[in-house]
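Peer 1: final_14.cif is reproduced below (mmCIF, C-alpha atoms).
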data_query
loop_
_atom_site.label_atom_id
_atom_site.label_comp_id
_atom_site.auth_asym_id
_atom_site.auth_seq_id
_atom_site.Cartn_x
_atom_site.Cartn_y
_atom_site.Cartn_z
CA MET A 26 0.00 0.00 0.00
CA ASP A 27 2.88 2.37 0.71
CA LYS A 28 4.15 2.00 -2.84
CA VAL A 29 0.67 2.66 -4.23
CA GLU A 30 0.31 5.77 -2.08
CA LYS A 31 3.73 7.03 -3.13
CA ARG A 32 2.90 6.50 -6.78
CA ARG A 33 -0.46 8.20 -6.35
CA ALA A 34 1.19 11.15 -4.60
CA PHE A 35 3.80 11.34 -7.37
CA LEU A 36 1.12 11.35 -10.08
CA ILE A 37 -0.86 14.02 -8.27
CA ASN A 38 2.21 16.22 -7.85
CA PHE A 39 3.22 15.60 -11.45
CA ALA A 40 -0.28 16.50 -12.71
CA PHE A 41 -0.35 19.62 -10.53
CA THR A 42 3.07 20.73 -11.84
CA ALA A 43 1.99 20.03 -15.43
CA VAL A 44 -1.15 22.13 -15.01
CA ILE A 45 0.84 25.01 -13.51
CA LEU A 46 3.37 24.87 -16.37
CA ALA A 47 0.56 24.71 -18.94
CA LEU A 48 -1.17 27.73 -17.39
CA ALA A 49 2.14 29.62 -17.31
CA PHE A 50 2.78 28.75 -20.97
CA VAL A 51 -0.69 29.86 -22.08
CA GLY A 52 -0.42 33.02 -19.98
CA LEU A 53 2.98 34.03 -21.36
CA LYS A 54 2.14 32.97 -24.91
CA TYR A 55 -1.32 34.48 -25.36
CA PHE A 56 -2.21 36.84 -22.50
CA PHE A 57 1.03 38.66 -21.71
CA TRP A 58 0.68 41.39 -24.35
CA VAL A 59 -3.05 41.72 -23.64
CA ALA A 60 -2.33 42.48 -19.99
CA ALA A 61 0.93 44.35 -20.74
CA PRO A 62 -0.45 47.90 -20.18
CA PHE A 63 -1.59 46.97 -16.67
CA LEU A 64 1.52 44.92 -15.81
CA PHE A 65 3.90 47.68 -16.88
CA SER A 66 1.81 50.40 -15.25
CA PHE A 67 1.76 48.49 -11.95
CA PHE A 68 5.53 47.99 -12.12
CA PHE A 69 6.10 51.72 -12.73
CA ALA A 70 3.67 52.50 -9.90
CA VAL A 71 5.82 50.39 -7.57
CA LEU A 72 8.86 52.45 -8.57
CA LEU A 73 7.06 55.69 -7.68
CA GLN A 74 6.02 54.60 -4.20
CA LYS A 75 9.20 55.78 -2.43
CA PRO A 76 9.10 59.37 -3.75
CA LEU A 77 5.32 59.46 -3.25
CA ARG A 78 5.58 58.36 0.39
CA PHE A 79 8.32 60.93 0.98
CA LEU A 80 6.12 63.71 -0.44
CA ASP A 81 3.10 62.42 1.51
CA LYS A 82 5.05 62.82 4.75
CA LYS A 83 5.97 66.39 3.82
CA THR A 84 2.38 67.30 2.91
CA LYS A 85 0.77 65.13 5.62
CA HIS A 86 -1.21 63.17 3.00
CA LYS A 87 -3.25 66.24 2.02
CA ALA A 88 -2.44 66.02 -1.70
CA HIS A 89 -1.94 62.30 -2.29
CA GLY A 90 -4.01 62.14 -5.49
CA LEU A 91 -2.51 65.31 -6.98
CA LEU A 92 1.02 64.18 -6.15
CA SER A 93 0.36 60.83 -7.84
CA VAL A 94 -0.71 62.58 -11.06
CA VAL A 95 2.25 65.01 -10.91
CA LEU A 96 4.78 62.22 -10.36
CA VAL A 97 3.41 60.20 -13.28
CA ILE A 98 3.47 63.25 -15.60
CA LEU A 99 7.03 64.14 -14.52
CA SER A 100 8.11 60.53 -15.09
CA ILE A 101 6.61 60.59 -18.60
CA CYS A 102 8.41 63.86 -19.35
CA VAL A 103 11.70 62.46 -18.05
CA ILE A 104 11.25 59.49 -20.39
CA ILE A 105 9.87 61.26 -23.48
CA VAL A 106 12.00 64.44 -23.67
CA PRO A 107 15.46 62.75 -23.77
CA LEU A 108 14.02 59.97 -25.92
CA SER A 109 12.66 62.46 -28.47
CA PHE A 110 16.05 64.21 -28.74
CA LEU A 111 17.78 60.84 -29.06
CA ILE A 112 15.38 59.67 -31.78
CA SER A 113 15.75 62.97 -33.65
CA ALA A 114 19.55 62.75 -33.60
CA LEU A 115 19.38 59.08 -34.57
CA ILE A 116 17.10 59.84 -37.53
CA ASN A 117 19.51 62.54 -38.77
CA LYS A 118 22.47 60.18 -38.46
CA ILE A 119 20.59 57.37 -40.21
CA SER A 120 19.61 59.77 -43.02
CA GLU A 121 23.26 60.77 -43.49
CA PHE A 122 24.27 57.10 -43.39
CA LEU A 123 21.69 56.16 -46.05
CA ASN A 124 22.99 58.95 -48.28
CA PHE A 125 26.48 57.53 -47.75
CA LEU A 126 25.25 54.07 -48.78
CA LEU A 127 23.57 55.48 -51.89
CA GLU A 128 26.82 57.15 -52.87
CA GLN A 129 28.65 53.85 -52.41
CA LEU A 130 26.12 52.14 -54.69
CA ASN A 131 26.00 54.98 -57.21
CA ASP A 132 27.89 52.96 -59.82
CA LEU A 133 25.55 49.97 -59.67
CA PRO A 134 26.25 48.67 -63.24
CA SER A 135 29.98 48.51 -62.44
CA PHE A 136 29.22 46.70 -59.19
CA LEU A 137 27.02 44.15 -61.01
CA ALA A 138 29.75 43.57 -63.60
CA THR A 139 32.31 43.05 -60.82
CA LEU A 140 29.96 40.66 -59.04
CA GLU A 141 29.39 38.68 -62.25
CA ASN A 142 33.13 38.32 -62.90
CA TRP A 143 33.72 37.32 -59.28
CA LEU A 144 31.05 34.60 -59.45
CA LEU A 145 32.42 33.29 -62.74
CA ASN A 146 35.92 33.13 -61.32
CA PHE A 147 34.66 31.52 -58.12
CA CYS A 148 32.95 28.73 -60.12
CA GLY A 149 36.18 27.99 -62.01
CA PHE A 150 36.86 24.87 -59.92
CA LEU A 151 33.82 23.09 -61.44
CA PRO A 152 34.22 20.52 -64.25
CA GLU A 153 34.21 22.05 -67.73
CA HIS A 154 30.75 20.82 -68.82
CA LEU A 155 29.18 21.87 -65.50
CA TYR A 156 31.03 25.21 -65.53
CA LYS A 157 29.62 26.03 -68.99
CA SER A 158 26.06 25.45 -67.79
CA VAL A 159 26.52 27.43 -64.56
CA SER A 160 28.39 30.30 -66.24
CA ALA A 161 25.70 30.55 -68.94
CA SER A 162 23.01 30.82 -66.27
CA ILE A 163 24.99 33.47 -64.35
CA THR A 164 25.66 35.48 -67.51
CA GLU A 165 22.01 35.26 -68.60
CA TRP A 166 20.77 36.40 -65.20
CA PHE A 167 23.15 39.39 -65.05
CA THR A 168 22.32 40.28 -68.66
CA LYS A 169 18.68 40.64 -67.65
CA LEU A 170 19.70 42.90 -64.79
CA GLN A 171 22.19 44.89 -66.83
CA PRO A 172 21.32 44.76 -70.58
CA ASN A 173 23.86 46.12 -73.06
CA ALA A 174 21.30 47.53 -75.51
CA PRO A 175 22.36 50.65 -77.39
CA GLU A 176 19.14 52.53 -76.82
CA GLU A 177 17.66 53.37 -73.46
CA ALA A 178 14.23 52.14 -74.47
CA GLY A 179 15.70 48.82 -75.53
CA ALA A 180 17.56 48.61 -72.24
CA VAL A 181 14.39 49.23 -70.26
CA SER A 182 12.44 46.65 -72.26
CA GLY A 183 15.30 44.18 -71.87
CA LEU A 184 15.31 44.71 -68.13
CA LEU A 185 11.54 44.36 -67.87
CA SER A 186 11.52 41.21 -69.98
CA GLY A 187 13.44 39.40 -67.26
CA ILE A 188 11.00 40.44 -64.56
CA ASP A 189 7.89 38.51 -63.67
CA LEU A 190 5.34 41.33 -63.54
CA SER A 191 2.74 39.17 -61.79
CA SER A 192 5.28 38.39 -59.06
CA VAL A 193 6.10 42.09 -58.72
CA SER A 194 2.39 42.88 -58.51
CA ASP A 195 1.89 40.25 -55.81
CA LYS A 196 4.83 41.63 -53.80
CA ILE A 197 3.54 45.19 -54.10
CA THR A 198 0.09 44.06 -53.00
CA SER A 199 1.61 42.14 -50.09
CA GLY A 200 3.71 45.17 -49.10
CA VAL A 201 0.70 47.49 -49.19
CA SER A 202 -1.26 44.96 -47.13
CA ASN A 203 1.51 44.81 -44.53
CA VAL A 204 1.68 48.62 -44.34
CA TYR A 205 -2.09 48.74 -43.94
CA SER A 206 -1.93 46.15 -41.15
CA VAL A 207 0.69 48.24 -39.33
CA LEU A 208 -1.33 51.43 -39.75
CA LYS A 209 -4.48 49.63 -38.65
CA GLY A 210 -2.71 48.59 -35.46
CA VAL A 211 -1.64 52.16 -34.59
CA PRO A 212 -5.00 53.13 -32.98
CA SER A 213 -4.88 49.97 -30.86
CA ILE A 214 -1.34 50.84 -29.72
CA LEU A 215 -2.36 54.41 -28.89
CA ILE A 216 -5.38 53.15 -26.93
CA GLY A 217 -3.10 50.75 -25.03
CA VAL A 218 -0.68 53.61 -24.22
CA VAL A 219 -3.50 55.87 -22.97
CA ILE A 220 -5.01 53.08 -20.86
CA GLY A 221 -1.55 52.26 -19.50
CA ILE A 222 -0.97 55.88 -18.44
CA VAL A 223 -4.39 56.09 -16.74
CA ALA A 224 -3.75 52.75 -15.02
CA TRP A 225 -0.31 54.02 -13.96
CA ILE A 226 -1.93 57.01 -12.22
CA LEU A 227 -4.59 54.86 -10.54
CA PHE A 228 -2.12 52.19 -9.41
CA THR A 229 0.21 54.88 -8.04
CA LYS A 230 -2.63 56.56 -6.15
CA ASP A 231 -4.33 53.39 -4.84
CA TYR A 232 -1.26 51.17 -4.52
CA ASP A 233 -1.86 50.30 -0.84
CA ILE A 234 -5.54 49.50 -1.51
CA VAL A 235 -4.67 47.19 -4.42
CA VAL A 236 -1.98 45.39 -2.40
CA LYS A 237 -4.27 44.93 0.62
CA PHE A 238 -7.05 43.57 -1.61
CA ILE A 239 -4.70 40.98 -3.11
CA GLN A 240 -3.32 40.06 0.31
CA ASN A 241 -6.86 39.49 1.63
CA GLN A 242 -7.42 36.89 -1.09
CA LEU A 243 -4.34 34.89 -0.05
CA PRO A 244 -4.19 32.21 2.66
CA GLU A 245 -3.07 33.33 6.09
CA GLY A 246 0.46 31.94 5.75
CA LYS A 247 1.02 33.45 2.30
CA LYS A 248 0.13 37.08 2.92
CA ASN A 249 3.77 38.22 2.85
CA ILE A 250 4.34 36.67 -0.56
CA LEU A 251 3.60 39.98 -2.31
CA VAL A 252 6.34 41.71 -0.32
CA ASP A 253 8.79 38.96 -1.25
CA LEU A 254 7.63 39.05 -4.87
CA LYS A 255 8.10 42.82 -5.02
CA GLN A 256 11.65 42.60 -3.68
CA VAL A 257 12.69 39.64 -5.82
CA PHE A 258 10.95 40.78 -9.00
CA SER A 259 12.21 44.36 -8.96
CA LYS A 260 15.79 43.27 -8.32
CA THR A 261 15.51 40.56 -10.98
CA ILE A 262 14.40 43.07 -13.62
CA LEU A 263 17.20 45.44 -12.67
CA THR A 264 19.80 42.69 -12.84
CA MET A 265 18.43 41.56 -16.22
CA PHE A 266 18.77 45.08 -17.64
CA LYS A 267 22.25 45.46 -16.15
CA ALA A 268 23.39 42.09 -17.49
CA TYR A 269 22.21 42.61 -21.05
CA GLY A 270 23.23 46.25 -21.01
CA PHE A 271 26.73 45.17 -20.00
CA ILE A 272 26.79 42.61 -22.83
CA MET A 273 25.74 45.28 -25.33
CA LEU A 274 28.42 47.64 -23.97
CA ILE A 275 31.10 44.95 -24.40
CA THR A 276 29.95 44.25 -27.99
CA PHE A 277 29.84 47.97 -28.80
CA SER A 278 33.35 48.44 -27.40
CA GLU A 279 34.69 45.47 -29.38
CA ILE A 280 33.21 46.79 -32.64
CA CYS A 281 34.42 50.35 -32.06
CA LEU A 282 37.90 49.03 -31.26
CA GLY A 283 37.89 46.84 -34.36
CA PHE A 284 36.68 49.66 -36.62
CA GLY A 285 39.24 52.01 -35.06
CA ILE A 286 42.10 49.59 -35.77
CA MET A 287 40.88 49.05 -39.34
CA ARG A 288 40.61 52.79 -39.85
CA MET A 289 44.11 53.41 -38.47
CA CYS A 290 45.48 50.76 -40.84
CA GLY A 291 43.73 52.39 -43.79
CA ILE A 292 41.48 49.39 -44.36
CA MET A 293 38.21 51.22 -43.63
CA ASN A 294 37.29 54.81 -44.32
CA ASN A 295 33.89 56.05 -43.16
CA ASN A 296 32.62 58.49 -40.55
CA PHE A 297 29.73 56.40 -39.28
CA PHE A 298 31.50 53.59 -37.44
CA VAL A 299 29.98 54.62 -34.06
CA LEU A 300 26.43 54.45 -35.48
CA ILE A 301 27.22 51.13 -37.19
CA ALA A 302 28.74 49.77 -33.96
CA ALA A 303 25.59 50.73 -32.01
CA ALA A 304 23.36 49.06 -34.62
CA ILE A 305 25.44 45.87 -34.58
CA ALA A 306 25.44 45.80 -30.75
CA ILE A 307 21.62 45.97 -30.78
CA PHE A 308 21.42 43.34 -33.53
CA ASP A 309 23.74 41.10 -31.53
CA ILE A 310 21.15 40.87 -28.74
CA LEU A 311 18.62 39.52 -31.24
CA PRO A 312 18.72 35.69 -31.30
CA VAL A 313 18.10 35.22 -35.04
CA ALA A 314 19.93 38.15 -36.61
CA GLY A 315 22.96 38.64 -34.37
CA SER A 316 26.02 40.60 -35.39
CA GLY A 317 26.40 38.34 -38.43
CA GLY A 318 23.25 39.87 -39.91
CA ILE A 319 25.33 42.97 -40.67
CA LEU A 320 28.98 41.89 -40.66
CA ILE A 321 28.70 38.86 -42.97
CA PRO A 322 26.83 40.61 -45.84
CA TRP A 323 29.20 43.55 -45.44
CA ALA A 324 32.19 41.21 -45.73
CA LEU A 325 30.72 39.60 -48.87
CA PHE A 326 30.16 43.05 -50.37
CA SER A 327 33.79 43.91 -49.61
CA VAL A 328 35.01 40.72 -51.31
CA VAL A 329 33.01 41.52 -54.45
CA ASN A 330 34.49 45.03 -54.51
CA GLY A 331 37.98 43.60 -54.15
CA ASN A 332 38.54 45.00 -50.65
CA TYR A 333 39.82 41.72 -49.24
CA LYS A 334 41.53 43.28 -46.22
CA GLN A 335 38.26 44.82 -45.03
CA ALA A 336 36.44 41.52 -45.63
CA VAL A 337 38.99 39.63 -43.53
CA GLY A 338 38.79 42.27 -40.81
CA LEU A 339 34.98 42.04 -40.68
CA ILE A 340 35.02 38.23 -40.55
CA VAL A 341 37.63 38.28 -37.77
CA MET A 342 35.49 40.78 -35.83
CA TYR A 343 32.42 38.57 -36.28
CA VAL A 344 34.26 35.49 -34.99
CA ILE A 345 35.65 37.37 -31.96
CA ILE A 346 32.27 38.93 -31.10
CA THR A 347 30.45 35.59 -31.43
CA VAL A 348 32.97 33.64 -29.34
CA ILE A 349 33.06 36.26 -26.58
CA ARG A 350 29.26 36.60 -26.59
CA GLN A 351 28.71 32.85 -26.30
CA TYR A 352 31.24 32.70 -23.45
CA ILE A 353 30.18 35.71 -21.39
CA GLU A 354 26.38 35.69 -21.78
CA PRO A 355 25.60 32.65 -19.60
CA LYS A 356 28.21 33.75 -17.05
CA ILE A 357 27.14 37.41 -16.84
CA VAL A 358 23.40 36.74 -16.93
CA GLY A 359 23.72 33.69 -14.70
CA SER A 360 25.93 35.34 -12.09
CA SER A 361 23.77 38.47 -12.09
CA LEU A 362 20.64 36.43 -11.45
CA GLY A 363 22.25 33.96 -9.06
CA VAL A 364 21.46 31.06 -11.41
CA ASN A 365 23.88 28.47 -12.74
CA PRO A 366 25.07 29.42 -16.26
CA ILE A 367 23.83 26.14 -17.80
CA VAL A 368 20.35 26.76 -16.37
CA THR A 369 20.46 30.32 -17.75
CA LEU A 370 21.51 29.01 -21.15
CA MET A 371 18.65 26.50 -21.14
CA GLY A 372 16.24 29.28 -20.12
CA LEU A 373 17.44 31.48 -22.98
CA TYR A 374 17.07 28.64 -25.50
CA PHE A 375 13.66 27.37 -24.35
CA GLY A 376 12.40 30.95 -23.99
CA LEU A 377 13.40 31.66 -27.58
CA LYS A 378 11.80 28.47 -28.91
CA LEU A 379 8.56 28.75 -26.94
CA PHE A 380 7.86 32.47 -26.79
CA GLY A 381 10.17 34.10 -29.35
CA PHE A 382 12.49 37.01 -28.63
CA ILE A 383 10.59 38.21 -25.54
CA GLY A 384 10.96 34.71 -24.07
CA MET A 385 14.73 35.18 -23.81
CA PHE A 386 14.02 37.70 -21.07
CA LEU A 387 10.81 36.33 -19.53
CA VAL A 388 11.97 32.74 -18.96
CA PRO A 389 15.24 33.64 -17.13
CA LEU A 390 13.17 36.15 -15.16
CA CYS A 391 10.73 33.41 -14.11
CA ILE A 392 13.59 31.04 -13.29
CA MET A 393 15.20 33.61 -11.00
CA THR A 394 11.88 34.34 -9.28
CA LEU A 395 11.19 30.64 -8.72
CA LYS A 396 14.72 30.11 -7.41
CA ALA A 397 14.40 32.99 -4.94
CA PHE A 398 11.09 31.69 -3.61
CA ASN A 399 12.39 28.13 -3.45
CA ASP A 400 15.52 29.24 -1.55
CA THR A 401 13.44 31.25 0.93
CA GLY A 402 11.14 28.28 1.54
CA ARG A 403 8.01 29.99 0.20
CA ILE A 404 7.66 27.17 -2.31
CA SER A 405 9.33 23.76 -2.57
CA ILE A 406 10.02 22.73 -6.17
CA TRP A 407 13.47 21.21 -5.70
CA LYS A 408 15.71 20.46 -2.74
CA THR A 409 18.20 23.16 -1.75
CA SER A 410 21.25 22.73 0.43
CA PRO A 411 21.25 24.88 3.60
CA GLU A 412 24.23 26.98 2.49
CA ASN A 413 22.34 27.99 -0.70
CA LYS A 414 19.25 29.19 1.13
CA ILE A 415 18.72 32.93 0.97
CA ASP A 416 16.89 35.50 3.00
CA VAL A 417 14.83 37.81 0.84
CA GLU A 418 15.11 40.61 3.37
CA LYS A 419 18.89 40.53 3.03
CA LYS A 420 18.96 40.38 -0.75
#
Once more with this new file: its structure as structure tokens, please.
Peer 2:
Amino acid sequence: MDKVEKRRAFLINFAFTAVILALAFVGLKYFFWVAAPFLFSFFFAVLLQKPLRFLDKKTKHKAHGLLSVVLVILSICVIIVPLSFLISALINKISEFLNFLLEQLNDLPSFLATLENWLLNFCGFLPEHLYKSVSASITEWFTKLQPNAPEEAGAVSGLLSGIDLSSVSDKITSGVSNVYSVLKGVPSILIGVVIGIVAWILFTKDYDIVVKFIQNQLPEGKKNILVDLKQVFSKTILTMFKAYGFIMLITFSEICLGFGIMRMCGIMNNNFFVLIAAAIAIFDILPVAGSGGILIPWALFSVVNGNYKQAVGLIVMYVIITVIRQYIEPKIVGSSLGVNPIVTLMGLYFGLKLFGFIGMFLVPLCIMTLKAFNDTGRISIWKTSPENKIDVEKK
């Protein structure tokens, strides 16, 4: 009977855990962005409680509601004003950079001819009969892109003859549809922002009432769980931002150093390496694109243009950035969150596969929160040695 009871208890615990995980998956997958305005507004309201309580003491709670509104408006101004200047400067720099790119591609026919010759030379290792077939296809394709007709009208007709107009029409229709979908979503985004701001004010003003209401719904022994959750969650978010911000800073420094060395050696000559380094550092955080999304095509472009030194420099930079990123990310994120690096790496991978890009942040966040509660004894998911137990009040 003891074995039967143990098995029954195991199955019950397993089913309970499976249900909790399923609910967490459904919540993160389908309801997170729906509830995002209220989640973010409550988090920002938590951040405003210290200054609000300080001002309440000075005013003896006579202007609590007004102070809540003023603090929220000041916070929005502090966020929006620097952000607007930053976006404006970024747009100007991007505009200058695009003009620079257009100048680099000004001689497009010459670039296409160079690319054709490079591809033909590259395929020279193929057997003669196969090389003839491949080279004929390459030449035919580039001829359609760059016809050598004597008259402009003939050139235009030659170019258009190699284009599937129905395919172009479908792509234009698809592009217009995508633009329309984005524009159609703008009112919904604006409504979400407005609701989030109103909820931010209300949560800031009635924070104590909301917390007491939630505490009253909890069992007697779990009423302090909100205090623990507030302390763990806020510190977890801060450590997440610090960890990934530090990784981005390291990547940005590596790229700036690499571009600086290449510029000193005369391999690279452009005035936008800081902007490019910032863009690559942001891309490097993305799981799919990464730094290779910019550096590898750039290196290929350099090879086609005959700038082999720059191509080698870019490839070397990509290898160094990738190796360092793969080495430091689990260590920095894991040590910042107090989680073993292999567990952090698994959280990053499963978060990416299950929830996309946002999952790379949410899953490690949940792991850290669960670990903190498990170490404090609030929950018991896995066994923890006494020396690894933590006190939330001390953290």
Peer 1: Looking at A:Ile292, A:Ile286, A:Ile349, A:Leu140, which one is nearest to Leu325 of chain A, with distances taken over all atoms listed in the file?
Peer 2: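 Closest residue, counting all atoms listed in the file: A:Leu140.
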Peer 1: For each of A:Tyr269, A:Cys290, A:Ala306, A:Val71, take the minimum atom-to-atom distance to Val235 of chain A, counting all atoms listed in the file, then give the residue where this is smallest.
Peer 2: A:Val71
Peer 1: Record the distance separating atom CA of Thr42 of chain A and atom CA of Tyr374 of chain A, expressed in Å with one decimal.
Peer 2: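 Taking atom CA of Thr42 of chain A as the start and atom CA of Tyr374 of chain A as the end point, the length is 21.1 Å.
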Peer 1: Please determine, counting all atoms listed in the file, which residue among A:Val341, A:Met265, A:Gly318, A:Ile305 has the shortest atom-to-atom distance to Glu354 of chain A.
Peer 2: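 Distance minimum relative to Glu354 of chain A lands on A:Met265.
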Peer 1: Please write the residues picked by the PyMOL selection byres ((chain A and resi 52-54) around 10) on this file as a ChimeraX atom specification.
Peer 2: /A:46-51,55-60,379-381,383-384,387-388
Peer 1: Could you save the residues just selected, with C-alpha atoms, as an mmCIF file, in the frame of the given file?
Peer 2:
data_model
loop_
_atom_site.group_PDB
_atom_site.id
_atom_site.type_symbol
_atom_site.label_atom_id
_atom_site.label_comp_id
_atom_site.auth_asym_id
_atom_site.auth_seq_id
_atom_site.Cartn_x
_atom_site.Cartn_y
_atom_site.Cartn_z
ATOM 1 C CA LEU A 46 3.370 24.870 -16.370
ATOM 2 C CA ALA A 47 0.560 24.710 -18.940
ATOM 3 C CA LEU A 48 -1.170 27.730 -17.390
ATOM 4 C CA ALA A 49 2.140 29.620 -17.310
ATOM 5 C CA PHE A 50 2.780 28.750 -20.970
ATOM 6 C CA VAL A 51 -0.690 29.860 -22.080
ATOM 7 C CA TYR A 55 -1.320 34.480 -25.360
ATOM 8 C CA PHE A 56 -2.210 36.840 -22.500
ATOM 9 C CA PHE A 57 1.030 38.660 -21.710
ATOM 10 C CA TRP A 58 0.680 41.390 -24.350
ATOM 11 C CA VAL A 59 -3.050 41.720 -23.640
ATOM 12 C CA ALA A 60 -2.330 42.480 -19.990
ATOM 13 C CA LEU A 379 8.560 28.750 -26.940
ATOM 14 C CA PHE A 380 7.860 32.470 -26.790
ATOM 15 C CA GLY A 381 10.170 34.100 -29.350
ATOM 16 C CA ILE A 383 10.590 38.210 -25.540
ATOM 17 C CA GLY A 384 10.960 34.710 -24.070
ATOM 18 C CA LEU A 387 10.810 36.330 -19.530
ATOM 19 C CA VAL A 388 11.970 32.740 -18.960
#
Peer 1: Residues within 12 Å of Ile275 of chain A, please, as a list in words. Count only C-alpha atoms; anything in the same chain fewer than 2 positions from it doesn't count.
Peer 2: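 My reading of the contact set: Ala268, Tyr269, Gly270, Phe271, Ile272, Met273, Phe277, Ser278, Glu279, Ile280, Cys281, Leu282, Ala302, Ala303, Ile305, Ala306, Ile307, Asp309, Ile310, Ile345, Ile346, Thr347, Ile349, Arg350, Ile353, Glu354 and Ile357 of chain A.
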Peer 1: Take atom CA of Asp81 of chain A and atom CA of Phe68 of chain A and report the distance between them in Å, one decimal.
Peer 2: 20.0 Å
Peer 1: Tell me which of A:Lys230, A:Leu377, A:Asn124, A:Ala114 sits closest to Ala88 of chain A, counting all atoms listed in the file.
Peer 2: A:Lys230
Peer 1: Could you check how far atom CA of Val103 of chain A sits from atom CA of Lys85 of chain A, in Å to one decimal?
Peer 2: 26.2 Å
Peer 1: Got a sec to check which residues sit within 12 Å of (5.9, 44.2, -15.8), counting only C-alpha atoms, and write them as a list in words?
Peer 2: Leu53, Phe57, Trp58, Ala60, Ala61, Pro62, Phe63, Leu64, Phe65, Ser66, Phe67, Phe68, Phe69, Ala70, Val71, Leu72, Gly221, Trp225, Lys255, Phe258, Ser259, Thr261, Ile262, Leu263, Phe386, Leu387, Leu390 and Cys391 of chain A
Peer 1: Assuming the chain letters and numbering stay as they are in my file, what does the PyMOL selection byres ((chain A and resi 159) around 12) actually select? List them as an mmCIF file with C-alpha atoms, in the coordinates of the input.
Peer 2:
data_model
loop_
_atom_site.group_PDB
_atom_site.id
_atom_site.type_symbol
_atom_site.label_atom_id
_atom_site.label_comp_id
_atom_site.auth_asym_id
_atom_site.auth_seq_id
_atom_site.Cartn_x
_atom_site.Cartn_y
_atom_site.Cartn_z
ATOM 1 C CA GLU A 141 29.390 38.680 -62.250
ATOM 2 C CA LEU A 144 31.050 34.600 -59.450
ATOM 3 C CA LEU A 145 32.420 33.290 -62.740
ATOM 4 C CA ASN A 146 35.920 33.130 -61.320
ATOM 5 C CA PHE A 147 34.660 31.520 -58.120
ATOM 6 C CA CYS A 148 32.950 28.730 -60.120
ATOM 7 C CA GLY A 149 36.180 27.990 -62.010
ATOM 8 C CA PHE A 150 36.860 24.870 -59.920
ATOM 9 C CA LEU A 151 33.820 23.090 -61.440
ATOM 10 C CA PRO A 152 34.220 20.520 -64.250
ATOM 11 C CA GLU A 153 34.210 22.050 -67.730
ATOM 12 C CA HIS A 154 30.750 20.820 -68.820
ATOM 13 C CA LEU A 155 29.180 21.870 -65.500
ATOM 14 C CA TYR A 156 31.030 25.210 -65.530
ATOM 15 C CA LYS A 157 29.620 26.030 -68.990
ATOM 16 C CA SER A 158 26.060 25.450 -67.790
ATOM 17 C CA SER A 160 28.390 30.300 -66.240
ATOM 18 C CA ALA A 161 25.700 30.550 -68.940
ATOM 19 C CA SER A 162 23.010 30.820 -66.270
ATOM 20 C CA ILE A 163 24.990 33.470 -64.350
ATOM 21 C CA THR A 164 25.660 35.480 -67.510
ATOM 22 C CA GLU A 165 22.010 35.260 -68.600
ATOM 23 C CA TRP A 166 20.770 36.400 -65.200
#
Peer 1: Go through A:Thr276, A:Ser135, A:Asn399, A:Gln240 one by one, measure the shortest atom-to-atom distance of each to Asn330 of chain A using all atoms listed in the file, and give the residue with the smallest value.
Peer 2: A:Ser135
Peer 1: Return the single residue from A:Met371, A:Ile321, A:Ile392, A:Cys102 that is closest to Val344 of chain A, with distances computed using only C-alpha atoms.
Peer 2: A:Ile321
Peer 1: Might I get the box with edges along x, y and z of the file that holds all atoms of segment 277-296 of chain A listed there, padded by 6 Å on every side, given as centre and edge lengths in Å to one decimal, as AutoDock Vina command-line options?
Peer 2:
--center_x 37.7 --center_y 52.0 --center_z -35.9 --size_x 27.6 --size_y 25.0 --size_z 29.0
